[in-house]
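**Q** This is the structure I have questions about; it appears just below.
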Amino acid sequence: MKREIELIADNILMGQSEVFSTNTGIIINENECILIDPGVLPGDLDKIEKTINTGNYTINSIIITHSHWDHLLGVERFPGVNVITHENYLTATKGKFKRFIIDQISEWEKKHGIVRNNVFQLPKPDITFKDNLTLMLGNLNLKLIYSPGHSEDQLVIYIPERNFLWAGDMLSDIEIPYIMNSLYLYKNTLERIDSLKIEKLIPGHGNPAVTGEEIKNRIIIDMEYLKKLEDNIKECLSKDNSIEETIDSCEVINFKNHDENKFCHVLNVESAYIEMGGNVDTAKYGWMKLPFEI
């Protein structure tokens, strides 16, 4: 693991994979635990299992925050455990989307020399929900909240007793917002998150934020980025600018870790241009144009 499993807040453990700095959560209380996005590498899963076995915890359930492959790959290590997703996971993992996810995993495993003895099967949820779902783990309330924008099926997990948020693939210190679903829904989701009392936060990728000030700053930075993106594209569309001209216009927008995120910024521009009414071939532009690995 890039970051060993450690206690971030009371009852809340986090480990971080070398793969995209992807985070796994273990929420513990008494003799039970709930896993969040377990994975990604076999070694990561070994350490998760060791933590569970050392603490003598029974796994209550596994929460998948969304259907992107790096968040669901490790679920197969824990057969028989209830899996919880948003209801849109069901459509996000069927047909061509199912093939896309499995192909991504196959290509990634091949690239990194990972040999499996079984055919990968996408996790099937035992429990889904529409807007909100509350899970009890001892005296803790885990409030699962539908939070689209990054993906059509993303959820976040809020634990009010700890003023804690597991933010899915949002509010990272290393990534800009990846708008794979909707710019407008992403903005609405951040506004809802901003209304919660949060003192500690773990994103799907990157480092936790452990003060209210740091969390507020991440929200402000990402909301400003989305607003600048929307404003620039809206102006370009009013001038009937092409998508190439719009991409050039959006080069002036500042964002964190520029070199690492510039490719994803262009994908954001393309996807938002399409969402806001730009007329282009969606097979050639935006996040879903081709299989790729960030």
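Residues in the structure tokens are numbered from 1 in each chain, the chains being A, B, ... in the order shown, and ligands are numbered from 1 in the order shown.
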Within 7 Å of stretch 174-182 of chain A, which residues of stretch 67-169 of chain A show up? Give each one with its shortest atom-to-atom distance in Å (one decimal) and the two atoms involved, counting only C-alpha atoms, rows by chain then rising residue number, as JSON lines.
**A**
```
{"residue": "A:Gly149", "atom": "CA", "partner": "A:Ser182", "partner_atom": "CA", "distance": 4.7}
{"residue": "A:His150", "atom": "CA", "partner": "A:Ile179", "partner_atom": "CA", "distance": 4.9}
{"residue": "A:Ser151", "atom": "CA", "partner": "A:Asn181", "partner_atom": "CA", "distance": 4.8}
{"residue": "A:Glu152", "atom": "CA", "partner": "A:Asn181", "partner_atom": "CA", "distance": 5.7}
```
**Q** Given the selection you just returned, output its residues as a file containing N, CA, C and O atoms, formatted as a PDB file, in the first residue's frame.
**A**
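Listing of out-v4.pdb after writing:
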```pdb
ATOM      1  N   GLY A 149     -22.810  13.352 -10.448  1.00  0.00           N
ATOM      2  CA  GLY A 149     -21.969  14.402 -11.036  1.00  0.00           C
ATOM      3  C   GLY A 149     -20.697  13.788 -11.571  1.00  0.00           C
ATOM      4  O   GLY A 149     -20.380  13.882 -12.755  1.00  0.00           O
ATOM      5  N   HIS A 150     -19.952  13.140 -10.674  1.00  0.00           N
ATOM      6  CA  HIS A 150     -18.774  12.390 -11.125  1.00  0.00           C
ATOM      7  C   HIS A 150     -19.223  11.149 -11.884  1.00  0.00           C
ATOM      8  O   HIS A 150     -18.675  10.827 -12.943  1.00  0.00           O
ATOM      9  N   SER A 151     -20.186  10.442 -11.342  1.00  0.00           N
ATOM     10  CA  SER A 151     -20.781   9.299 -12.021  1.00  0.00           C
ATOM     11  C   SER A 151     -22.271   9.287 -11.735  1.00  0.00           C
ATOM     12  O   SER A 151     -22.738   9.906 -10.779  1.00  0.00           O
ATOM     13  N   GLU A 152     -23.009   8.551 -12.543  1.00  0.00           N
ATOM     14  CA  GLU A 152     -24.464   8.535 -12.402  1.00  0.00           C
ATOM     15  C   GLU A 152     -24.926   7.759 -11.178  1.00  0.00           C
ATOM     16  O   GLU A 152     -26.081   7.873 -10.762  1.00  0.00           O
TER      17      GLU A 152
END
```
**Q** Could you pull out all residues of stretch 36-126 of chain A with a DSSP call of alpha helix (DSSP H) and give them as a count of residues only?
**A** 33
**Q** Within 10 Å of stretch 235-251 of chain A, counting only C-alpha atoms, which residues qualify if same-chain residues fewer than 5 places away don't, as a list of chain:residue names?
**A**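 The neighbour list is A:Lys228, A:Leu229, A:Glu230, A:Lys262, A:His265, A:Val266, A:Leu267, A:Asn268, A:Val269, A:Glu270, A:Tyr273, A:Ile274, A:Met276, A:Gly277, A:Gly278, A:Asn279, A:Val280, A:Tyr285.
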**Q** Create the file for the chosen residues now, containing all heavy atoms and written as a CSV table (one decimal), in the first residue's frame.
**A**
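Okay, again02.csv is ready:
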```
chain,number,residue,atom,x,y,z
A,228,LYS,N,-16.1,28.4,-13.3
A,228,LYS,CA,-15.3,29.0,-14.4
A,228,LYS,C,-15.5,28.1,-15.6
A,228,LYS,O,-15.6,28.7,-16.7
A,228,LYS,CB,-13.9,29.0,-14.0
A,228,LYS,CG,-13.6,30.1,-12.9
A,228,LYS,CD,-12.1,30.0,-12.5
A,228,LYS,CE,-11.8,31.1,-11.4
A,228,LYS,NZ,-10.4,31.0,-10.9
A,229,LEU,N,-15.6,26.8,-15.5
A,229,LEU,CA,-15.8,26.0,-16.6
A,229,LEU,C,-17.1,26.3,-17.3
A,229,LEU,O,-17.2,26.4,-18.5
A,229,LEU,CB,-15.7,24.5,-16.1
A,229,LEU,CG,-15.5,23.4,-17.2
A,229,LEU,CD1,-14.2,23.6,-17.9
A,229,LEU,CD2,-15.7,22.0,-16.6
A,230,GLU,N,-18.2,26.3,-16.4
A,230,GLU,CA,-19.5,26.6,-17.0
A,230,GLU,C,-19.6,28.0,-17.6
A,230,GLU,O,-20.1,28.1,-18.8
A,230,GLU,CB,-20.5,26.5,-15.8
A,230,GLU,CG,-21.9,26.8,-16.3
A,230,GLU,CD,-22.9,26.9,-15.1
A,230,GLU,OE1,-22.5,26.9,-13.9
A,230,GLU,OE2,-24.1,27.0,-15.4
A,262,LYS,N,-4.2,18.0,-16.7
A,262,LYS,CA,-4.6,18.8,-17.9
A,262,LYS,C,-5.4,17.9,-18.9
A,262,LYS,O,-6.3,18.4,-19.6
A,262,LYS,CB,-3.4,19.4,-18.6
A,262,LYS,CG,-2.3,18.4,-19.0
A,262,LYS,CD,-1.1,19.2,-19.6
A,262,LYS,CE,0.0,18.3,-20.0
A,262,LYS,NZ,1.2,19.1,-20.4
A,265,HIS,N,-8.9,17.7,-17.6
A,265,HIS,CA,-9.5,19.0,-17.8
A,265,HIS,C,-10.1,19.1,-19.2
A,265,HIS,O,-11.2,19.6,-19.4
A,265,HIS,CB,-8.5,20.2,-17.5
A,265,HIS,CG,-9.0,21.5,-17.9
A,265,HIS,ND1,-10.0,22.1,-17.3
A,265,HIS,CD2,-8.6,22.4,-18.9
A,265,HIS,CE1,-10.3,23.3,-17.8
A,265,HIS,NE2,-9.4,23.5,-18.8
A,266,VAL,N,-9.3,18.7,-20.2
A,266,VAL,CA,-9.9,18.8,-21.6
A,266,VAL,C,-11.1,17.9,-21.7
A,266,VAL,O,-12.1,18.2,-22.3
A,266,VAL,CB,-8.8,18.4,-22.6
A,266,VAL,CG1,-9.3,18.2,-24.0
A,266,VAL,CG2,-7.6,19.4,-22.6
A,267,LEU,N,-11.1,16.7,-21.1
A,267,LEU,CA,-12.2,15.8,-21.1
A,267,LEU,C,-13.4,16.5,-20.5
A,267,LEU,O,-14.6,16.3,-20.9
A,267,LEU,CB,-11.9,14.5,-20.5
A,267,LEU,CG,-10.9,13.6,-21.2
A,267,LEU,CD1,-10.6,12.4,-20.3
A,267,LEU,CD2,-11.4,13.2,-22.5
A,268,ASN,N,-13.2,17.2,-19.4
A,268,ASN,CA,-14.2,17.9,-18.7
A,268,ASN,C,-14.8,19.0,-19.6
A,268,ASN,O,-16.1,19.1,-19.7
A,268,ASN,CB,-13.7,18.6,-17.4
A,268,ASN,CG,-13.5,17.7,-16.3
A,268,ASN,OD1,-14.0,16.6,-16.2
A,268,ASN,ND2,-12.8,18.2,-15.3
A,269,VAL,N,-14.0,19.7,-20.3
A,269,VAL,CA,-14.5,20.7,-21.3
A,269,VAL,C,-15.3,20.1,-22.3
A,269,VAL,O,-16.4,20.6,-22.6
A,269,VAL,CB,-13.3,21.5,-21.9
A,269,VAL,CG1,-13.8,22.5,-23.0
A,269,VAL,CG2,-12.5,22.3,-20.8
A,270,GLU,N,-14.8,19.0,-22.9
A,270,GLU,CA,-15.6,18.3,-24.0
A,270,GLU,C,-16.9,17.8,-23.5
A,270,GLU,O,-18.0,18.0,-24.1
A,270,GLU,CB,-14.8,17.2,-24.5
A,270,GLU,CG,-13.5,17.6,-25.2
A,270,GLU,CD,-12.6,16.4,-25.6
A,270,GLU,OE1,-12.9,15.3,-25.2
A,270,GLU,OE2,-11.6,16.7,-26.3
A,273,TYR,N,-19.3,20.8,-22.7
A,273,TYR,CA,-19.7,21.4,-23.9
A,273,TYR,C,-20.9,20.6,-24.5
A,273,TYR,O,-21.9,21.2,-24.9
A,273,TYR,CB,-18.5,21.4,-24.9
A,273,TYR,CG,-18.8,22.0,-26.2
A,273,TYR,CD1,-18.5,23.4,-26.4
A,273,TYR,CD2,-19.2,21.3,-27.3
A,273,TYR,CE1,-18.7,24.0,-27.7
A,273,TYR,CE2,-19.4,21.8,-28.6
A,273,TYR,CZ,-19.1,23.2,-28.7
A,273,TYR,OH,-19.3,23.8,-30.0
A,274,ILE,N,-20.8,19.3,-24.5
A,274,ILE,CA,-21.9,18.4,-25.0
A,274,ILE,C,-23.1,18.6,-24.1
A,274,ILE,O,-24.2,18.8,-24.6
A,274,ILE,CB,-21.4,17.0,-25.0
A,274,ILE,CG1,-20.3,16.8,-26.1
A,274,ILE,CG2,-22.6,16.1,-25.3
A,274,ILE,CD1,-19.6,15.5,-26.0
A,276,MET,N,-24.1,21.1,-22.3
A,276,MET,CA,-24.6,22.4,-22.4
A,276,MET,C,-25.2,22.7,-23.8
A,276,MET,O,-25.6,23.8,-24.1
A,276,MET,CB,-23.6,23.4,-22.0
A,276,MET,CG,-23.2,23.3,-20.5
A,276,MET,SD,-21.8,24.3,-20.0
A,276,MET,CE,-22.5,26.0,-20.2
A,277,GLY,N,-25.2,21.7,-24.7
A,277,GLY,CA,-25.9,21.9,-26.0
A,277,GLY,C,-25.0,22.0,-27.2
A,277,GLY,O,-25.5,22.2,-28.3
A,278,GLY,N,-23.7,21.8,-27.0
A,278,GLY,CA,-22.8,21.8,-28.1
A,278,GLY,C,-23.0,20.6,-29.0
A,278,GLY,O,-23.2,19.5,-28.6
A,279,ASN,N,-22.9,20.9,-30.3
A,279,ASN,CA,-23.2,19.8,-31.3
A,279,ASN,C,-22.0,19.2,-31.8
A,279,ASN,O,-21.3,19.8,-32.7
A,279,ASN,CB,-24.1,20.5,-32.4
A,279,ASN,CG,-24.5,19.4,-33.4
A,279,ASN,OD1,-24.6,18.2,-33.1
A,279,ASN,ND2,-24.9,19.8,-34.6
A,280,VAL,N,-21.6,18.1,-31.3
A,280,VAL,CA,-20.4,17.4,-31.7
A,280,VAL,C,-20.7,15.9,-31.7
A,280,VAL,O,-21.7,15.4,-31.2
A,280,VAL,CB,-19.2,17.6,-30.8
A,280,VAL,CG1,-18.8,19.1,-30.9
A,280,VAL,CG2,-19.5,17.2,-29.4
A,285,TYR,N,-15.6,12.9,-28.5
A,285,TYR,CA,-15.3,13.8,-27.5
A,285,TYR,C,-15.9,13.4,-26.2
A,285,TYR,O,-16.9,12.8,-26.1
A,285,TYR,CB,-15.8,15.2,-27.9
A,285,TYR,CG,-15.2,15.8,-29.1
A,285,TYR,CD1,-15.8,15.7,-30.4
A,285,TYR,CD2,-14.0,16.5,-29.1
A,285,TYR,CE1,-15.2,16.2,-31.5
A,285,TYR,CE2,-13.4,17.0,-30.2
A,285,TYR,CZ,-14.0,16.9,-31.4
A,285,TYR,OH,-13.5,17.4,-32.6
```
**Q** Select, from A:Asn188, A:Thr282, A:Ser106, A:Ser17, the residue with the minimum atom-to-atom distance to A:Asp46, counting only C-alpha atoms.
**A**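 Going through A:Asn188, A:Thr282, A:Ser106, A:Ser17 one by one, the smallest distance to A:Asp46 is for A:Ser17.
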**Q** Looking at only C-alpha atoms, which of A:Met223, A:Val115, A:Ile27, A:Ile102 is the one that sits closest to A:Leu13?
**A** A:Ile27
**Q** With distances taken over only C-alpha atoms, which of A:Gly43, A:Gly138, A:Gly204, A:Gly113 is nearest to A:Gln154?
**A** A:Gly204
**Q** Can you list, as JSON, numbers by chain, every protein, DNA or RNA residue that comes within 8 Å of stretch 156-159 of chain A when you count only C-alpha atoms, leaving out same-chain residues fewer than 4 positions away?
**A** {"A": [65, 140, 141, 142, 143, 144, 145, 146, 147, 163, 164, 165, 166, 167, 168]}
**Q** For stretch 195-197 of chain A, list every protein, DNA or RNA residue within 8 Å, evaluated using only C-alpha atoms, and leave out those in the same chain fewer than 2 positions away; present the list as a PDB file with all heavy atoms, in the first residue's frame.
**A**
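Saved to selection_15.pdb:
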```pdb
ATOM      1  N   PRO A 160     -22.763  11.357  11.104  1.00  0.00           N
ATOM      2  CA  PRO A 160     -22.945  12.581  11.893  1.00  0.00           C
ATOM      3  C   PRO A 160     -22.313  12.510  13.283  1.00  0.00           C
ATOM      4  O   PRO A 160     -21.872  13.546  13.810  1.00  0.00           O
ATOM      5  CB  PRO A 160     -24.464  12.728  11.976  1.00  0.00           C
ATOM      6  CG  PRO A 160     -25.023  11.384  11.639  1.00  0.00           C
ATOM      7  CD  PRO A 160     -24.043  10.745  10.719  1.00  0.00           C
ATOM      8  N   ASN A 163     -18.959  13.676  12.572  1.00  0.00           N
ATOM      9  CA  ASN A 163     -18.819  14.811  11.641  1.00  0.00           C
ATOM     10  C   ASN A 163     -17.862  14.445  10.500  1.00  0.00           C
ATOM     11  O   ASN A 163     -16.963  15.194  10.136  1.00  0.00           O
ATOM     12  CB  ASN A 163     -18.324  16.065  12.364  1.00  0.00           C
ATOM     13  CG  ASN A 163     -19.328  16.562  13.383  1.00  0.00           C
ATOM     14  OD1 ASN A 163     -20.534  16.458  13.202  1.00  0.00           O
ATOM     15  ND2 ASN A 163     -18.827  17.089  14.487  1.00  0.00           N
ATOM     16  N   GLU A 191     -22.927  21.563  -3.396  1.00  0.00           N
ATOM     17  CA  GLU A 191     -23.733  22.486  -2.576  1.00  0.00           C
ATOM     18  C   GLU A 191     -24.394  21.746  -1.414  1.00  0.00           C
ATOM     19  O   GLU A 191     -24.454  22.267  -0.289  1.00  0.00           O
ATOM     20  CB  GLU A 191     -24.792  23.173  -3.440  1.00  0.00           C
ATOM     21  CG  GLU A 191     -24.204  24.211  -4.384  1.00  0.00           C
ATOM     22  CD  GLU A 191     -25.194  24.708  -5.418  1.00  0.00           C
ATOM     23  OE1 GLU A 191     -26.365  24.260  -5.381  1.00  0.00           O
ATOM     24  OE2 GLU A 191     -24.803  25.527  -6.271  1.00  0.00           O
ATOM     25  N   ARG A 192     -24.874  20.533  -1.665  1.00  0.00           N
ATOM     26  CA  ARG A 192     -25.478  19.744  -0.581  1.00  0.00           C
ATOM     27  C   ARG A 192     -24.426  19.337   0.447  1.00  0.00           C
ATOM     28  O   ARG A 192     -24.669  19.399   1.659  1.00  0.00           O
ATOM     29  CB  ARG A 192     -26.173  18.503  -1.144  1.00  0.00           C
ATOM     30  CG  ARG A 192     -27.446  18.806  -1.921  1.00  0.00           C
ATOM     31  CD  ARG A 192     -28.302  17.557  -2.081  1.00  0.00           C
ATOM     32  NE  ARG A 192     -27.576  16.453  -2.673  1.00  0.00           N
ATOM     33  CZ  ARG A 192     -27.452  16.257  -3.973  1.00  0.00           C
ATOM     34  NH1 ARG A 192     -28.005  17.110  -4.829  1.00  0.00           N
ATOM     35  NH2 ARG A 192     -26.780  15.217  -4.433  1.00  0.00           N
ATOM     36  N   ILE A 193     -23.266  18.944  -0.031  1.00  0.00           N
ATOM     37  CA  ILE A 193     -22.193  18.569   0.892  1.00  0.00           C
ATOM     38  C   ILE A 193     -21.783  19.754   1.752  1.00  0.00           C
ATOM     39  O   ILE A 193     -21.512  19.619   2.952  1.00  0.00           O
ATOM     40  CB  ILE A 193     -20.989  18.017   0.097  1.00  0.00           C
ATOM     41  CG1 ILE A 193     -21.316  16.617  -0.432  1.00  0.00           C
ATOM     42  CG2 ILE A 193     -19.727  17.979   0.952  1.00  0.00           C
ATOM     43  CD1 ILE A 193     -20.259  16.038  -1.350  1.00  0.00           C
ATOM     44  N   GLU A 199     -15.966  17.678   9.769  1.00  0.00           N
ATOM     45  CA  GLU A 199     -14.681  18.027  10.367  1.00  0.00           C
ATOM     46  C   GLU A 199     -13.545  17.144   9.869  1.00  0.00           C
ATOM     47  O   GLU A 199     -12.374  17.493   9.991  1.00  0.00           O
ATOM     48  CB  GLU A 199     -14.777  17.958  11.890  1.00  0.00           C
ATOM     49  CG  GLU A 199     -15.736  19.002  12.459  1.00  0.00           C
ATOM     50  CD  GLU A 199     -15.943  18.869  13.955  1.00  0.00           C
ATOM     51  OE1 GLU A 199     -15.426  17.894  14.551  1.00  0.00           O
ATOM     52  OE2 GLU A 199     -16.625  19.724  14.537  1.00  0.00           O
TER      53      GLU A 199
END
```
**Q** If we count only C-alpha atoms, what is near A:Ile221 at a cut-off of 9 Å, once residues fewer than 6 positions away on the same chain are taken out, given as a list in words?
**A**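 Selected residues are Leu171, Phe255 and Lys256 of chain A.
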**Q** For A:Ile12, which residue among A:Lys200, A:His66, A:Lys50, A:Arg116 is the nearest when counting only C-alpha atoms?
**A**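 Smallest separation from A:Ile12 among the options: A:Lys200.
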**Q** For A:Asn254, which of A:Ile101, A:Ile233, A:Ile34, A:Leu226 is the closest residue, counting only C-alpha atoms?
**A** A:Leu226
**Q** With distances taken over only C-alpha atoms, which residue among A:Met170, A:Ile36, A:Leu122, A:Ile253 lies nearest A:Ile215?
**A**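 Closest to A:Ile215 of all the choices is A:Met170.
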**Q** Please provide as a PyMOL selection string all residues within 12 Å of A:Trp108, with the sequence filter that same-chain residues fewer than 2 positions apart are discarded (counting only C-alpha atoms).
**A** chain A and resi 19+40-41+69-70+73+101-106+110-115+291-294
**Q** Between stretch 159-214 of chain A and stretch 20-24 of chain A, at 9 Å or less, what are the per-residue closest atom pairs and their distances in Å? Count only C-alpha atoms, order by chain and rising residue number, and return it as a Markdown table.
**A**
```
| residue | atom | partner | partner_atom | distance |
| --- | --- | --- | --- | --- |
| A:Ile202 | CA | A:Asn23 | CA | 8.0 |
| A:Pro203 | CA | A:Asn23 | CA | 7.3 |
| A:Gly204 | CA | A:Asn23 | CA | 5.3 |
| A:His205 | CA | A:Thr22 | CA | 4.5 |
| A:Gly206 | CA | A:Ser21 | CA | 5.5 |
| A:Asn207 | CA | A:Ser21 | CA | 8.3 |
```
**Q** Taking the backbone alone, and naming residues the way the document does, which bits of stretch 116-239 of chain A are strand (DSSP E or B) by DSSP, as a list in words?
**A**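 Result set for stretch 116-239 of chain A (strand (DSSP E or B)): Ile127, Thr128, Phe129, Asn132, Leu133, Thr134, Leu135, Met136, Leu137, Leu140, Asn141, Leu142, Lys143, Leu144, Ile145, Tyr146, Leu155, Val156, Ile157, Tyr158, Ile159, Phe164, Leu165, Trp166, Lys200, Leu201, Ile202, His205 and Ala209 of chain A.
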**Q** Take atom CA of A:Asp44 and atom CA of A:Arg218 and report the distance between them in Å, one decimal.
**A**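 Interatomic distance here is 27.2 Å.
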**Q** Quick check, in Å to one decimal: how far apart do atom CA of A:Asn29 and atom CA of A:Asn11 lie?
**A** 6.1 Å
